[in-house]
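Containing CSV, C-alpha atoms: upload_20.csv.
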chain,number,residue,atom,x,y,z
A,1,MET,CA,-24.6,10.6,0.7
A,2,ARG,CA,-27.3,10.7,3.4
A,3,GLN,CA,-28.2,7.1,2.6
A,4,LEU,CA,-24.6,6.0,3.1
A,5,ILE,CA,-24.3,7.9,6.4
A,6,SER,CA,-27.7,6.6,7.6
A,7,PHE,CA,-26.5,3.1,6.8
A,8,SER,CA,-23.2,3.6,8.6
A,9,LEU,CA,-25.0,5.0,11.7
A,10,LYS,CA,-27.0,1.8,12.0
A,11,ARG,CA,-24.0,0.6,13.9
A,12,PHE,CA,-25.1,2.9,16.7
A,13,LYS,CA,-28.2,1.0,17.8
A,14,ASN,CA,-30.1,3.8,19.6
A,15,ALA,CA,-29.1,6.6,17.1
A,16,ARG,CA,-32.0,8.6,15.6
A,17,ILE,CA,-31.2,10.6,12.6
A,18,LEU,CA,-32.7,14.0,11.7
A,19,GLU,CA,-32.0,15.0,8.1
A,20,ALA,CA,-31.7,18.6,6.9
A,21,VAL,CA,-31.6,19.8,3.3
A,22,ASP,CA,-29.3,22.8,3.9
A,23,GLY,CA,-27.7,24.9,6.7
A,24,VAL,CA,-30.8,26.9,7.4
A,25,ASP,CA,-32.9,23.7,7.7
A,26,ALA,CA,-30.3,22.3,10.0
A,27,LEU,CA,-30.3,25.3,12.3
A,28,LYS,CA,-34.2,25.0,12.5
A,29,LYS,CA,-33.9,21.4,13.5
A,30,LEU,CA,-31.1,22.2,16.0
A,31,SER,CA,-33.4,24.8,17.7
A,32,GLY,CA,-36.2,22.3,17.9
A,33,PRO,CA,-37.2,20.1,20.9
A,34,ASP,CA,-34.8,17.2,20.0
A,35,LYS,CA,-31.6,16.9,21.8
A,36,ILE,CA,-28.8,16.6,19.2
A,37,ASP,CA,-25.6,14.8,20.1
A,38,LEU,CA,-23.7,15.2,16.9
A,39,ILE,CA,-23.8,17.2,13.7
A,40,LEU,CA,-22.7,15.8,10.3
A,41,THR,CA,-22.5,18.4,7.6
A,42,ASP,CA,-21.3,18.8,4.1
A,43,ILE,CA,-19.6,22.1,3.1
A,44,ASN,CA,-21.3,22.5,-0.3
A,45,MET,CA,-25.0,23.0,0.5
A,46,PRO,CA,-27.6,25.4,-1.0
A,47,VAL,CA,-28.9,28.4,0.9
A,48,MET,CA,-26.3,28.2,3.7
A,49,ASP,CA,-23.1,26.2,3.4
A,50,GLY,CA,-21.5,23.9,6.0
A,51,LEU,CA,-18.8,26.4,7.1
A,52,LYS,CA,-21.4,29.1,7.9
A,53,LEU,CA,-23.4,26.5,9.8
A,54,VAL,CA,-20.4,25.4,11.9
A,55,SER,CA,-19.7,29.1,12.7
A,56,LEU,CA,-23.3,29.8,13.7
A,57,VAL,CA,-23.5,26.7,15.9
A,58,ARG,CA,-20.3,27.6,17.7
A,59,GLN,CA,-21.6,31.1,18.4
A,60,ASN,CA,-24.8,29.8,19.9
A,61,ALA,CA,-24.7,29.3,23.6
A,62,GLN,CA,-27.1,26.3,23.6
A,63,LEU,CA,-25.5,24.5,20.7
A,64,LYS,CA,-21.8,25.4,20.9
A,65,ASN,CA,-20.8,22.2,22.6
A,66,ILE,CA,-22.3,19.8,20.1
A,67,PRO,CA,-19.5,17.9,18.2
A,68,ILE,CA,-19.5,18.6,14.5
A,69,ILE,CA,-18.1,16.5,11.7
A,70,ILE,CA,-17.6,18.0,8.2
A,71,ILE,CA,-17.8,15.5,5.3
A,72,THR,CA,-16.9,17.1,2.0
A,73,THR,CA,-15.3,16.8,-1.4
A,74,GLU,CA,-13.0,19.7,-0.5
A,75,GLY,CA,-9.9,17.9,0.4
A,76,ALA,CA,-7.2,20.6,0.3
A,77,GLU,CA,-5.3,21.2,3.5
A,78,GLU,CA,-6.4,24.8,3.8
A,79,ASP,CA,-10.0,23.8,3.6
A,80,ARG,CA,-9.5,21.3,6.4
A,81,GLU,CA,-7.7,23.9,8.5
A,82,ARG,CA,-10.5,26.4,7.8
A,83,GLY,CA,-13.2,23.9,8.8
A,84,LEU,CA,-11.4,22.9,12.0
A,85,ALA,CA,-10.5,26.6,12.8
A,86,LEU,CA,-14.2,27.5,12.7
A,87,GLY,CA,-14.9,24.8,15.3
A,88,ALA,CA,-15.5,21.5,13.6
A,89,ASN,CA,-14.3,18.6,15.6
A,90,ALA,CA,-13.4,16.4,12.6
A,91,TYR,CA,-13.0,16.9,8.9
A,92,ILE,CA,-13.6,13.9,6.6
A,93,SER,CA,-12.8,14.2,2.9
A,94,LYS,CA,-14.8,12.2,0.3
A,95,PRO,CA,-14.9,9.5,-0.9
A,96,ILE,CA,-16.6,8.3,2.3
A,97,GLN,CA,-15.1,5.3,4.1
A,98,SER,CA,-17.9,4.2,6.4
A,99,SER,CA,-15.4,2.6,8.8
A,100,HIS,CA,-13.5,5.9,9.2
A,101,LEU,CA,-16.8,7.7,9.7
A,102,ILE,CA,-17.9,5.2,12.4
A,103,LYS,CA,-14.5,5.5,14.2
A,104,THR,CA,-14.6,9.3,14.2
A,105,ILE,CA,-18.2,9.3,15.6
A,106,SER,CA,-17.3,6.7,18.2
A,107,GLU,CA,-14.3,8.8,19.3
A,108,LEU,CA,-16.3,12.0,19.5
A,109,LEU,CA,-19.3,10.5,21.3
A,110,ALA,CA,-17.0,8.2,23.4
A,111,VAL,CA,-19.2,5.2,22.7
B,1,MET,CA,66.0,-17.6,100.2
B,2,THR,CA,67.3,-18.8,97.0
B,3,GLU,CA,65.5,-22.0,97.4
B,4,GLU,CA,62.3,-20.2,98.1
B,5,ARG,CA,62.7,-18.1,95.0
B,6,ALA,CA,63.5,-21.2,92.9
B,7,GLU,CA,60.3,-22.8,94.1
B,8,LYS,CA,58.3,-19.8,93.2
B,9,PHE,CA,59.9,-19.6,89.9
B,10,LEU,CA,59.3,-23.3,89.3
B,11,GLU,CA,55.7,-22.9,90.4
B,12,LEU,CA,55.3,-19.9,88.0
B,13,PHE,CA,57.0,-21.9,85.3
B,14,ASN,CA,54.7,-24.9,85.8
B,15,LYS,CA,51.7,-22.6,85.7
B,16,GLY,CA,53.0,-21.1,82.5
B,17,LYS,CA,53.6,-24.6,81.1
B,18,GLU,CA,50.0,-25.6,82.0
B,19,PHE,CA,48.7,-22.5,80.4
B,20,THR,CA,50.7,-23.1,77.3
B,21,GLU,CA,49.6,-26.7,77.1
B,22,GLU,CA,46.1,-25.6,77.6
B,23,LEU,CA,46.5,-23.1,74.8
B,24,LEU,CA,47.9,-25.7,72.5
B,25,ARG,CA,45.0,-28.1,73.3
B,26,GLU,CA,42.5,-25.3,72.6
B,27,ASN,CA,44.3,-24.4,69.5
B,28,GLN,CA,44.3,-28.0,68.3
B,29,ARG,CA,40.6,-28.3,69.2
B,30,LEU,CA,39.8,-25.1,67.3
B,31,ARG,CA,41.8,-26.2,64.3
B,32,TYR,CA,40.0,-29.5,64.3
B,33,ARG,CA,36.7,-27.6,64.6
B,34,LEU,CA,37.6,-25.3,61.8
B,35,ALA,CA,38.7,-28.2,59.6
B,36,THR,CA,35.3,-29.9,60.3
B,37,LEU,CA,33.4,-26.8,59.6
B,38,GLU,CA,35.3,-26.1,56.4
B,39,THR,CA,34.6,-29.6,55.2
B,40,GLU,CA,31.0,-29.4,56.1
B,41,GLY,CA,30.7,-25.9,54.5
B,42,THR,CA,32.3,-26.9,51.2
B,43,ALA,CA,30.2,-29.9,50.9
B,44,GLY,CA,27.0,-27.9,51.7
B,45,SER,CA,27.7,-25.1,49.3
B,46,ASN,CA,28.6,-27.5,46.5
B,47,ASP,CA,25.1,-29.1,46.8
B,48,GLU,CA,23.5,-25.7,46.9
B,49,VAL,CA,25.4,-24.5,43.9
B,50,GLN,CA,24.4,-27.7,42.0
B,51,ARG,CA,20.8,-27.3,43.1
B,52,LEU,CA,20.8,-23.7,42.0
B,53,ARG,CA,22.5,-24.5,38.7
B,54,ALA,CA,19.9,-27.0,38.0
B,55,GLU,CA,17.2,-24.5,38.9
B,56,VAL,CA,18.7,-21.9,36.7
B,57,GLN,CA,18.9,-24.4,33.8
B,58,VAL,CA,15.2,-25.2,34.3
B,59,LEU,CA,14.3,-21.5,34.5
B,60,THR,CA,16.4,-20.7,31.5
B,61,GLU,CA,14.6,-23.4,29.5
B,62,GLU,CA,11.3,-22.1,30.8
B,63,ASN,CA,12.2,-18.6,29.8
B,64,ARG,CA,13.3,-19.7,26.3
B,65,ARG,CA,10.0,-21.6,26.0
B,66,ILE,CA,8.0,-18.6,27.1
B,67,ALA,CA,10.0,-16.2,24.8
B,68,GLN,CA,9.3,-18.6,21.9
B,69,ARG,CA,5.5,-18.7,22.8
B,70,PHE,CA,5.5,-15.0,23.2
B,71,LYS,CA,7.0,-14.6,19.7
B,72,GLU,CA,4.4,-17.0,18.3
B,73,VAL,CA,1.5,-15.1,20.1
B,74,GLU,CA,2.9,-11.8,18.8
B,75,GLU,CA,2.9,-13.2,15.3
B,76,GLU,CA,-0.6,-14.5,15.7
B,77,ASN,CA,-1.6,-11.0,17.0
B,78,LYS,CA,-0.1,-9.4,14.0
B,79,ASP,CA,-1.9,-11.8,11.8
B,80,PHE,CA,-5.2,-11.1,13.6
B,81,ALA,CA,-4.6,-7.3,13.4
B,82,ASN,CA,-4.0,-7.6,9.6
B,83,ARG,CA,-7.1,-9.8,9.2
B,84,TYR,CA,-9.1,-7.3,11.3
B,85,ILE,CA,-8.0,-4.5,9.0
B,86,GLU,CA,-8.9,-6.6,5.9
B,87,VAL,CA,-12.3,-7.5,7.4
B,88,GLU,CA,-13.0,-3.9,8.3
B,89,GLU,CA,-12.1,-2.9,4.7
B,90,GLN,CA,-14.3,-5.6,3.3
B,91,ASN,CA,-17.1,-4.4,5.6
B,92,ASN,CA,-16.6,-0.9,4.5
B,93,ASN,CA,-16.6,-1.9,0.8
B,94,LEU,CA,-19.7,-4.0,1.3
B,95,ALA,CA,-21.5,-1.1,3.1
B,96,ASN,CA,-20.6,1.1,0.1
B,97,LEU,CA,-21.8,-1.5,-2.4
B,98,TYR,CA,-25.0,-2.2,-0.5
B,99,VAL,CA,-25.9,1.5,-0.2
B,100,ALA,CA,-25.1,2.1,-3.9
B,101,SER,CA,-27.3,-0.8,-5.1
B,102,TYR,CA,-30.0,0.1,-2.6
B,103,GLN,CA,-30.0,3.7,-3.7
B,104,LEU,CA,-30.0,2.8,-7.4
B,105,HIS,CA,-33.2,0.7,-7.1
B,106,SER,CA,-35.0,3.0,-4.7
B,107,THR,CA,-36.7,5.0,-7.4
B,108,LEU,CA,-38.3,4.8,-10.9
B,109,ASP,CA,-37.8,8.5,-11.6
B,110,PHE,CA,-35.3,8.8,-14.4
B,111,ARG,CA,-33.7,12.1,-13.3
B,112,GLU,CA,-33.5,10.8,-9.7
B,113,VAL,CA,-31.7,7.6,-10.9
B,114,ILE,CA,-29.2,9.7,-12.8
B,115,GLN,CA,-28.7,11.9,-9.7
B,116,ILE,CA,-28.0,8.8,-7.6
B,117,VAL,CA,-25.4,7.6,-10.1
B,118,GLN,CA,-23.8,11.0,-9.9
B,119,GLU,CA,-23.8,10.8,-6.1
B,120,ILE,CA,-22.2,7.3,-6.1
B,121,VAL,CA,-19.5,8.5,-8.5
B,122,ILE,CA,-18.8,11.6,-6.3
B,123,ASN,CA,-19.2,10.2,-2.8
B,124,LEU,CA,-18.1,6.6,-3.1
B,125,ILE,CA,-15.6,6.7,-6.0
B,126,GLY,CA,-14.4,10.2,-5.4
B,127,ALA,CA,-14.6,11.6,-8.9
B,128,GLU,CA,-14.4,15.4,-9.4
B,129,SER,CA,-15.1,15.5,-13.1
B,130,PHE,CA,-17.1,12.9,-15.0
B,131,ALA,CA,-20.0,12.5,-17.4
B,132,ILE,CA,-22.8,10.0,-17.9
B,133,LEU,CA,-23.5,9.2,-21.5
B,134,LEU,CA,-26.5,7.4,-22.9
B,135,LEU,CA,-26.7,5.5,-26.2
B,136,ASP,CA,-29.3,6.6,-28.7
B,137,GLU,CA,-30.1,3.3,-30.4
B,138,LYS,CA,-31.7,4.9,-33.4
B,139,THR,CA,-28.7,7.0,-34.3
B,140,ASN,CA,-26.0,4.9,-32.6
B,141,GLU,CA,-24.7,8.0,-30.9
B,142,LEU,CA,-23.5,8.4,-27.3
B,143,LYS,CA,-24.5,11.7,-25.7
B,144,THR,CA,-23.9,13.3,-22.3
B,145,ILE,CA,-27.1,13.4,-20.2
B,146,ALA,CA,-25.4,14.5,-17.0
B,147,SER,CA,-22.0,15.8,-16.0
B,148,GLU,CA,-20.0,17.2,-13.1
B,149,GLY,CA,-16.9,19.2,-13.0
B,150,GLU,CA,-17.3,21.0,-16.3
B,151,ASP,CA,-14.8,23.7,-15.1
B,152,VAL,CA,-12.1,21.1,-14.8
B,153,MET,CA,-12.8,19.4,-18.2
B,154,PRO,CA,-14.7,21.8,-20.4
B,155,GLY,CA,-16.8,20.1,-23.0
B,156,ILE,CA,-17.9,17.1,-21.0
B,157,GLU,CA,-21.4,18.5,-20.7
B,158,ALA,CA,-21.9,18.1,-24.5
B,159,LEU,CA,-19.9,14.9,-25.4
B,160,SER,CA,-21.1,13.2,-28.5
B,161,THR,CA,-19.6,10.2,-30.2
B,162,ARG,CA,-20.6,7.4,-32.5
B,163,LEU,CA,-20.7,3.8,-31.4
B,164,GLY,CA,-17.3,2.3,-32.2
B,165,ASP,CA,-15.5,5.6,-32.6
B,166,GLY,CA,-12.5,6.4,-30.3
B,167,ILE,CA,-12.1,5.1,-26.8
B,168,LEU,CA,-15.7,6.0,-25.7
B,169,GLY,CA,-17.2,4.5,-28.8
B,170,SER,CA,-15.3,1.3,-28.5
B,171,VAL,CA,-16.1,0.8,-24.8
B,172,ALA,CA,-19.8,1.2,-25.7
B,173,LYS,CA,-19.3,-1.3,-28.6
B,174,THR,CA,-17.3,-3.9,-26.8
B,175,GLY,CA,-18.8,-3.6,-23.4
B,176,GLU,CA,-15.2,-3.7,-21.9
B,177,SER,CA,-14.2,-1.1,-19.3
B,178,TYR,CA,-11.3,1.2,-20.1
B,179,TYR,CA,-8.8,2.5,-17.6
B,180,ILE,CA,-6.0,4.9,-18.6
B,181,ASN,CA,-2.5,3.6,-18.7
B,182,GLN,CA,-0.4,6.1,-16.7
B,183,ASP,CA,2.8,4.7,-18.1
B,184,LEU,CA,2.0,5.9,-21.7
B,185,GLU,CA,4.5,8.2,-23.4
B,186,ASP,CA,2.4,11.2,-22.9
B,187,GLY,CA,2.2,10.4,-19.2
B,188,GLY,CA,-1.4,9.2,-19.5
B,189,LYS,CA,-2.6,12.7,-20.2
B,190,VAL,CA,-6.4,13.0,-19.9
B,191,THR,CA,-8.4,14.5,-22.7
B,192,LEU,CA,-12.0,14.5,-23.7
B,193,ASP,CA,-11.4,11.5,-25.9
B,194,LYS,CA,-9.1,9.8,-23.5
B,195,PRO,CA,-10.6,9.8,-20.0
B,196,LEU,CA,-9.2,8.2,-16.7
B,197,ALA,CA,-11.9,5.5,-17.0
B,198,ALA,CA,-14.9,4.7,-19.1
B,199,VAL,CA,-17.3,2.1,-17.7
B,200,PRO,CA,-20.1,0.7,-19.8
B,201,LEU,CA,-23.6,0.6,-18.4
B,202,LYS,CA,-24.8,-2.9,-19.4
B,203,ILE,CA,-27.9,-5.0,-19.1
B,204,LYS,CA,-26.4,-8.4,-19.7
B,205,GLU,CA,-24.4,-7.8,-22.8
B,206,HIS,CA,-26.5,-4.9,-24.1
B,207,VAL,CA,-24.7,-1.5,-23.5
B,208,ILE,CA,-27.1,1.4,-22.9
B,209,GLY,CA,-24.5,4.1,-21.9
B,210,LEU,CA,-21.2,5.0,-20.2
B,211,VAL,CA,-19.9,6.5,-17.0
B,212,VAL,CA,-16.8,8.4,-18.0
B,213,ILE,CA,-14.4,9.7,-15.4
B,214,TYR,CA,-11.9,12.5,-16.2
B,215,LYS,CA,-10.5,13.6,-12.8
B,216,LEU,CA,-10.5,12.3,-9.3
B,217,LEU,CA,-10.9,14.5,-6.2
B,218,GLN,CA,-7.6,16.2,-5.1
B,219,GLN,CA,-7.3,13.9,-2.1
B,220,LYS,CA,-7.6,10.7,-4.1
B,221,ASP,CA,-4.5,9.6,-6.0
B,222,SER,CA,-5.8,6.6,-7.9
B,223,PHE,CA,-8.6,4.0,-8.1
B,224,SER,CA,-8.8,1.6,-5.2
B,225,ALA,CA,-9.9,-2.1,-5.3
B,226,VAL,CA,-13.4,-1.2,-4.2
B,227,ASP,CA,-13.7,1.3,-7.0
B,228,TYR,CA,-13.5,-1.5,-9.5
B,229,GLU,CA,-16.2,-3.3,-7.6
B,230,LEU,CA,-18.3,-0.2,-7.6
B,231,PHE,CA,-17.7,0.2,-11.4
B,232,SER,CA,-18.9,-3.4,-11.9
B,233,LEU,CA,-21.9,-2.7,-9.7
B,234,LEU,CA,-22.6,0.5,-11.6
B,235,ALA,CA,-22.2,-1.2,-14.9
B,236,ALA,CA,-25.0,-3.7,-14.1
B,237,HIS,CA,-27.2,-2.0,-11.5
B,238,ALA,CA,-27.1,1.6,-12.9
B,239,ALA,CA,-28.0,0.3,-16.3
B,240,THR,CA,-31.0,-1.7,-15.0
B,241,ALA,CA,-32.1,1.3,-12.9
B,242,ILE,CA,-31.7,3.8,-15.8
B,243,PHE,CA,-33.4,1.4,-18.2
B,244,SER,CA,-36.3,0.6,-15.9
B,245,SER,CA,-36.9,4.3,-15.1
B,246,LYS,CA,-36.9,5.2,-18.8
B,247,LEU,CA,-39.4,2.4,-19.5
B,248,TYR,CA,-41.5,3.5,-16.6
B,249,SER,CA,-41.6,7.1,-17.7
B,250,GLN,CA,-42.4,6.0,-21.3
B,251,SER,CA,-45.2,3.7,-20.1
B,252,GLU,CA,-46.5,6.4,-17.9
B,253,ARG,CA,-46.6,8.9,-20.8
B,254,LYS,CA,-48.3,6.3,-23.0
B,255,LEU,CA,-50.8,5.6,-20.2
B,256,ASN,CA,-51.6,9.3,-19.9
B,257,THR,CA,-52.1,9.5,-23.6
B,258,ILE,CA,-54.4,6.5,-23.7
B,259,GLN,CA,-56.2,7.9,-20.6
B,260,SER,CA,-56.7,11.2,-22.3
B,261,PHE,CA,-57.9,9.5,-25.4
B,262,LEU,CA,-60.3,7.4,-23.4
B,263,ASP,CA,-61.5,10.5,-21.6
B,264,LEU,CA,-62.0,12.3,-24.9
B,265,LEU,CA,-64.0,9.3,-26.3
B,266,THR,CA,-66.1,9.2,-23.1
B,267,THR,CA,-66.8,12.9,-23.2
B,268,THR,CA,-67.7,13.0,-26.9
B,269,SER,CA,-70.0,9.9,-26.7

When written as structure tokens, how does the structure in this file appear?
Amino acid sequence: MRQLISFSLKRFKNARILEAVDGVDALKKLSGPDKIDLILTDINMPVMDGLKLVSLVRQNAQLKNIPIIIITTEGAEEDRERGLALGANAYISKPIQSSHLIKTISELLAV
Amino acid sequence: MTEERAEKFLELFNKGKEFTEELLRENQRLRYRLATLETEGTAGSNDEVQRLRAEVQVLTEENRRIAQRFKEVEEENKDFANRYIEVEEQNNNLANLYVASYQLHSTLDFREVIQIVQEIVINLIGAESFAILLLDEKTNELKTIASEGEDVMPGIEALSTRLGDGILGSVAKTGESYYINQDLEDGGKVTLDKPLAAVPLKIKEHVIGLVVIYKLLQQKDSFSAVDYELFSLLAAHAATAIFSSKLYSQSERKLNTIQSFLDLLTTTS
């Protein structure tokens, strides 16, 4: 999935992608020196899932304003509502349509 | 006295007569003037009306022409919008196909290749429950080597069928993909032996295994056009990737054996 997302993000010429293997790794990278403009996360991840990650990011004063997109196989309406209620800005169900992903990112980053 | 009064009366009468005559002249003059003006006015307004009518006609024609052009442009716009959607969809499909083929050939590790096939089936096709079967050419048996969604379709983790037997076996034998017919009497009910789709993994005409799909993700109703493209791509590229990685791991094992043997010979001599 990361390959497809990385490929889709090539549309944004100056985008630099930091990959994380799970929620904990993502939090470490978010606390690092790089300025993050957008978070793309799955829900089903080892160690810490995507929903927990969204919740922790929204509670963090430094990170709380970063837009978050959840990309997941969980397509039920209650899952979507839960993800958005926790603070995700967009919820994309798999299978991934790269054009939809690009459109969502463009809207969130206003580019 | 009477004469004097008569003269005054006559004088007054004459003045009255003059005044009346003057009034009549003025009246005649004004009537003439009015008639002249009326004639001039009618003639002027007729010209103006005609000019305006002609102008209205020209403008109406212009308006009709513009409305027609507007309609044409609107049609063209609709056409462009539809083509834009089509191109975007094509673009999207190509991106998916590119990533899928790129990923499949990015490694020679057998387990990794299988994992990539699984990722493609989940992320790009949108399957919830599926199995990857490989054909054992010695026993002519198809066996599950990887699966996902065992809770939805118990038993897919240990599928085993002989070449030619049932739907799975015949797909492996003929090399023709199978898609369930939803209009069947039983409503196209999916079972272990009758999946939603079974796609052969082929190197040219040689089948090495199958990708069998039992259930799509909740949010996906049916296969889309690009899914069939992905199936074709999987059929060819996944087979090559799986076959190459298997050969590579076998050759690496053999190389290690030979190396160990050579090391042993060197040590003993």

Next on the checklist: Show me, as number ranges by chain, every residue of chain B with an atom at most 9 Å from chain A, counting all atoms listed in the file.
Outcome noted: B: 88-89, 91-93, 95-96, 98-100, 102-103, 119-128, 217-220

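Between B:Leu210 and the residues B:Ala146, B:Ile180, B:Leu255, B:Val226, the shortest atom-to-atom distance, using all atoms listed in the file, involves B:Ala146.
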
Next on the checklist: Excluding A:Ile36 and its own-chain neighbours fewer than 5 positions away, which residues fall within 10 Å of it when counting all atoms listed in the file? Please give them as a VMD selection string.
Outcome noted: chain A and resid 16 to 18 29 to 31 63 66 to 67

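For the pair atom CA of B:Leu12 and atom CA of B:Glu26, the interatomic distance is 20.7 Å.
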
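Take atom CA of A:Asp22 and atom CA of A:Met48: the distance between them is 6.2 Å.
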
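Atom CA of A:Val54 is positioned 8.5 Å from atom CA of A:Thr41.
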
Next on the checklist: Counting all atoms listed in the file, which residues sit no farther than 12 Å from the position (-14.5, 17.6, -26.4) in the file's frame? I'd like them as a ChimeraX atom specification.
Outcome noted: /B:131,143-144,150,153-161,168,190-195,214

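Ranking A:Ile102, A:Leu108, A:Lys52, A:Arg80 by their shortest atom-to-atom distance to A:Leu27, with all atoms listed in the file included, puts A:Lys52 first.
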
Checklist entry - Which is closer to A:Thr104 than all the others in A:Met45, A:Leu56, A:Asp34, A:Leu40, using only C-alpha atoms? => result A:Leu40

Can you tell me which residues surround A:Ala15 at a distance of at most 10 Å, considering all atoms listed in the file, apart from same-chain residues fewer than 4 positions away, and format the answer as a compact mmCIF listing (two decimals) with C-alpha atoms, keeping the file's coordinate frame?
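Saved as result_36.txt:
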# COMPACT_ATOMS: atom_id res chain seq x y z
CA SER A 6 -27.70 6.60 7.60
CA LEU A 9 -25.00 5.00 11.70
CA LYS A 10 -27.00 1.80 12.00
CA ARG A 11 -24.00 0.60 13.90
CA ASP A 37 -25.60 14.80 20.10

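Residue nearest A:Val57 within the list A:Ala26, A:Ala90, A:Ala85, A:Ile70: A:Ala26 [criterion: smallest interatomic distance, only C-alpha atoms].
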
Find the residues around A:Ile68 up to 6 Å (all atoms listed in the file counted), leave out those fewer than 5 positions away in its own chain, and share them as a tab-separated table (two decimals) with C-alpha atoms, in the frame of the given file.
chain	number	residue	atom	x	y	z
A	38	LEU	CA	-23.70	15.20	16.90
A	39	ILE	CA	-23.80	17.20	13.70
A	40	LEU	CA	-22.70	15.80	10.30
A	88	ALA	CA	-15.50	21.50	13.60
A	89	ASN	CA	-14.30	18.60	15.60

Checklist entry - With all atoms listed in the file as the basis for distance, which of B:Val73, B:Leu30, B:Val199, B:Ile145 is at the shortest distance from B:Val171? => result B:Val199

Need the shell around B:Arg111: protein/DNA/RNA residues with any atom at most 9 Å away, counting only C-alpha atoms. Skip same-chain ones fewer than 3 positions apart. Format as a PDB file with C-alpha atoms, in the coordinates of the input?
ATOM      1  CA  LEU B 108     -38.300   4.800 -10.900  1.00  0.00           C
ATOM      2  CA  ILE B 114     -29.200   9.700 -12.800  1.00  0.00           C
ATOM      3  CA  GLN B 115     -28.700  11.900  -9.700  1.00  0.00           C
ATOM      4  CA  ILE B 116     -28.000   8.800  -7.600  1.00  0.00           C
ATOM      5  CA  ILE B 242     -31.700   3.800 -15.800  1.00  0.00           C
ATOM      6  CA  SER B 245     -36.900   4.300 -15.100  1.00  0.00           C
TER       7      SER B 245
END

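Using all atoms listed in the file, the protein and nucleic acid residues lying no more than 12 Å from stretch 135-141 of chain B, apart from those fewer than 6 places from it along its own chain, are B:Leu159, B:Ser160, B:Thr161, B:Arg162, B:Leu163, B:Gly164, B:Asp165, B:Leu168, B:Gly169, B:Ser170, B:Val171, B:Ala172, B:Lys173, B:Pro200, B:Leu201, B:Lys202, B:His206, B:Val207, B:Ile208, B:Gly209, B:Leu210, B:Val211, B:Ala239, B:Ile242, B:Phe243.
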
My structure is short of atoms at stretch 49-61 of chain A; please model N, CA and C atoms there, returning them as a PDB file, in the frame of the given file.
ATOM      1  N   ASP A  49     -24.048  27.308   3.507  1.00  0.00           N
ATOM      2  CA  ASP A  49     -23.100  26.200   3.400  1.00  0.00           C
ATOM      3  C   ASP A  49     -22.672  25.687   4.794  1.00  0.00           C
ATOM      4  N   GLY A  50     -21.922  24.609   4.776  1.00  0.00           N
ATOM      5  CA  GLY A  50     -21.500  23.900   6.000  1.00  0.00           C
ATOM      6  C   GLY A  50     -20.649  24.763   6.913  1.00  0.00           C
ATOM      7  N   LEU A  51     -19.760  25.565   6.318  1.00  0.00           N
ATOM      8  CA  LEU A  51     -18.800  26.400   7.100  1.00  0.00           C
ATOM      9  C   LEU A  51     -19.598  27.430   7.917  1.00  0.00           C
ATOM     10  N   LYS A  52     -20.588  28.031   7.255  1.00  0.00           N
ATOM     11  CA  LYS A  52     -21.400  29.100   7.900  1.00  0.00           C
ATOM     12  C   LYS A  52     -22.189  28.378   9.067  1.00  0.00           C
ATOM     13  N   LEU A  53     -22.693  27.188   8.780  1.00  0.00           N
ATOM     14  CA  LEU A  53     -23.400  26.500   9.800  1.00  0.00           C
ATOM     15  C   LEU A  53     -22.556  26.185  11.026  1.00  0.00           C
ATOM     16  N   VAL A  54     -21.340  25.717  10.775  1.00  0.00           N
ATOM     17  CA  VAL A  54     -20.400  25.400  11.900  1.00  0.00           C
ATOM     18  C   VAL A  54     -20.175  26.693  12.697  1.00  0.00           C
ATOM     19  N   SER A  55     -19.937  27.780  11.987  1.00  0.00           N
ATOM     20  CA  SER A  55     -19.700  29.100  12.700  1.00  0.00           C
ATOM     21  C   SER A  55     -20.836  29.506  13.521  1.00  0.00           C
ATOM     22  N   LEU A  56     -22.065  29.393  12.981  1.00  0.00           N
ATOM     23  CA  LEU A  56     -23.300  29.800  13.700  1.00  0.00           C
ATOM     24  C   LEU A  56     -23.510  28.904  14.944  1.00  0.00           C
ATOM     25  N   VAL A  57     -23.272  27.622  14.757  1.00  0.00           N
ATOM     26  CA  VAL A  57     -23.500  26.700  15.900  1.00  0.00           C
ATOM     27  C   VAL A  57     -22.512  27.010  17.010  1.00  0.00           C
ATOM     28  N   ARG A  58     -21.273  27.316  16.650  1.00  0.00           N
ATOM     29  CA  ARG A  58     -20.300  27.600  17.700  1.00  0.00           C
ATOM     30  C   ARG A  58     -20.536  28.940  18.396  1.00  0.00           C
ATOM     31  N   GLN A  59     -21.288  29.818  17.755  1.00  0.00           N
ATOM     32  CA  GLN A  59     -21.600  31.100  18.400  1.00  0.00           C
ATOM     33  C   GLN A  59     -22.851  31.015  19.272  1.00  0.00           C
ATOM     34  N   ASN A  60     -23.579  29.922  19.142  1.00  0.00           N
ATOM     35  CA  ASN A  60     -24.800  29.800  19.900  1.00  0.00           C
ATOM     36  C   ASN A  60     -24.572  29.114  21.229  1.00  0.00           C
ATOM     37  N   ALA A  61     -24.985  29.792  22.295  1.00  0.00           N
ATOM     38  CA  ALA A  61     -24.700  29.300  23.600  1.00  0.00           C
ATOM     39  C   ALA A  61     -25.270  27.913  23.904  1.00  0.00           C
TER      40      ALA A  61
END
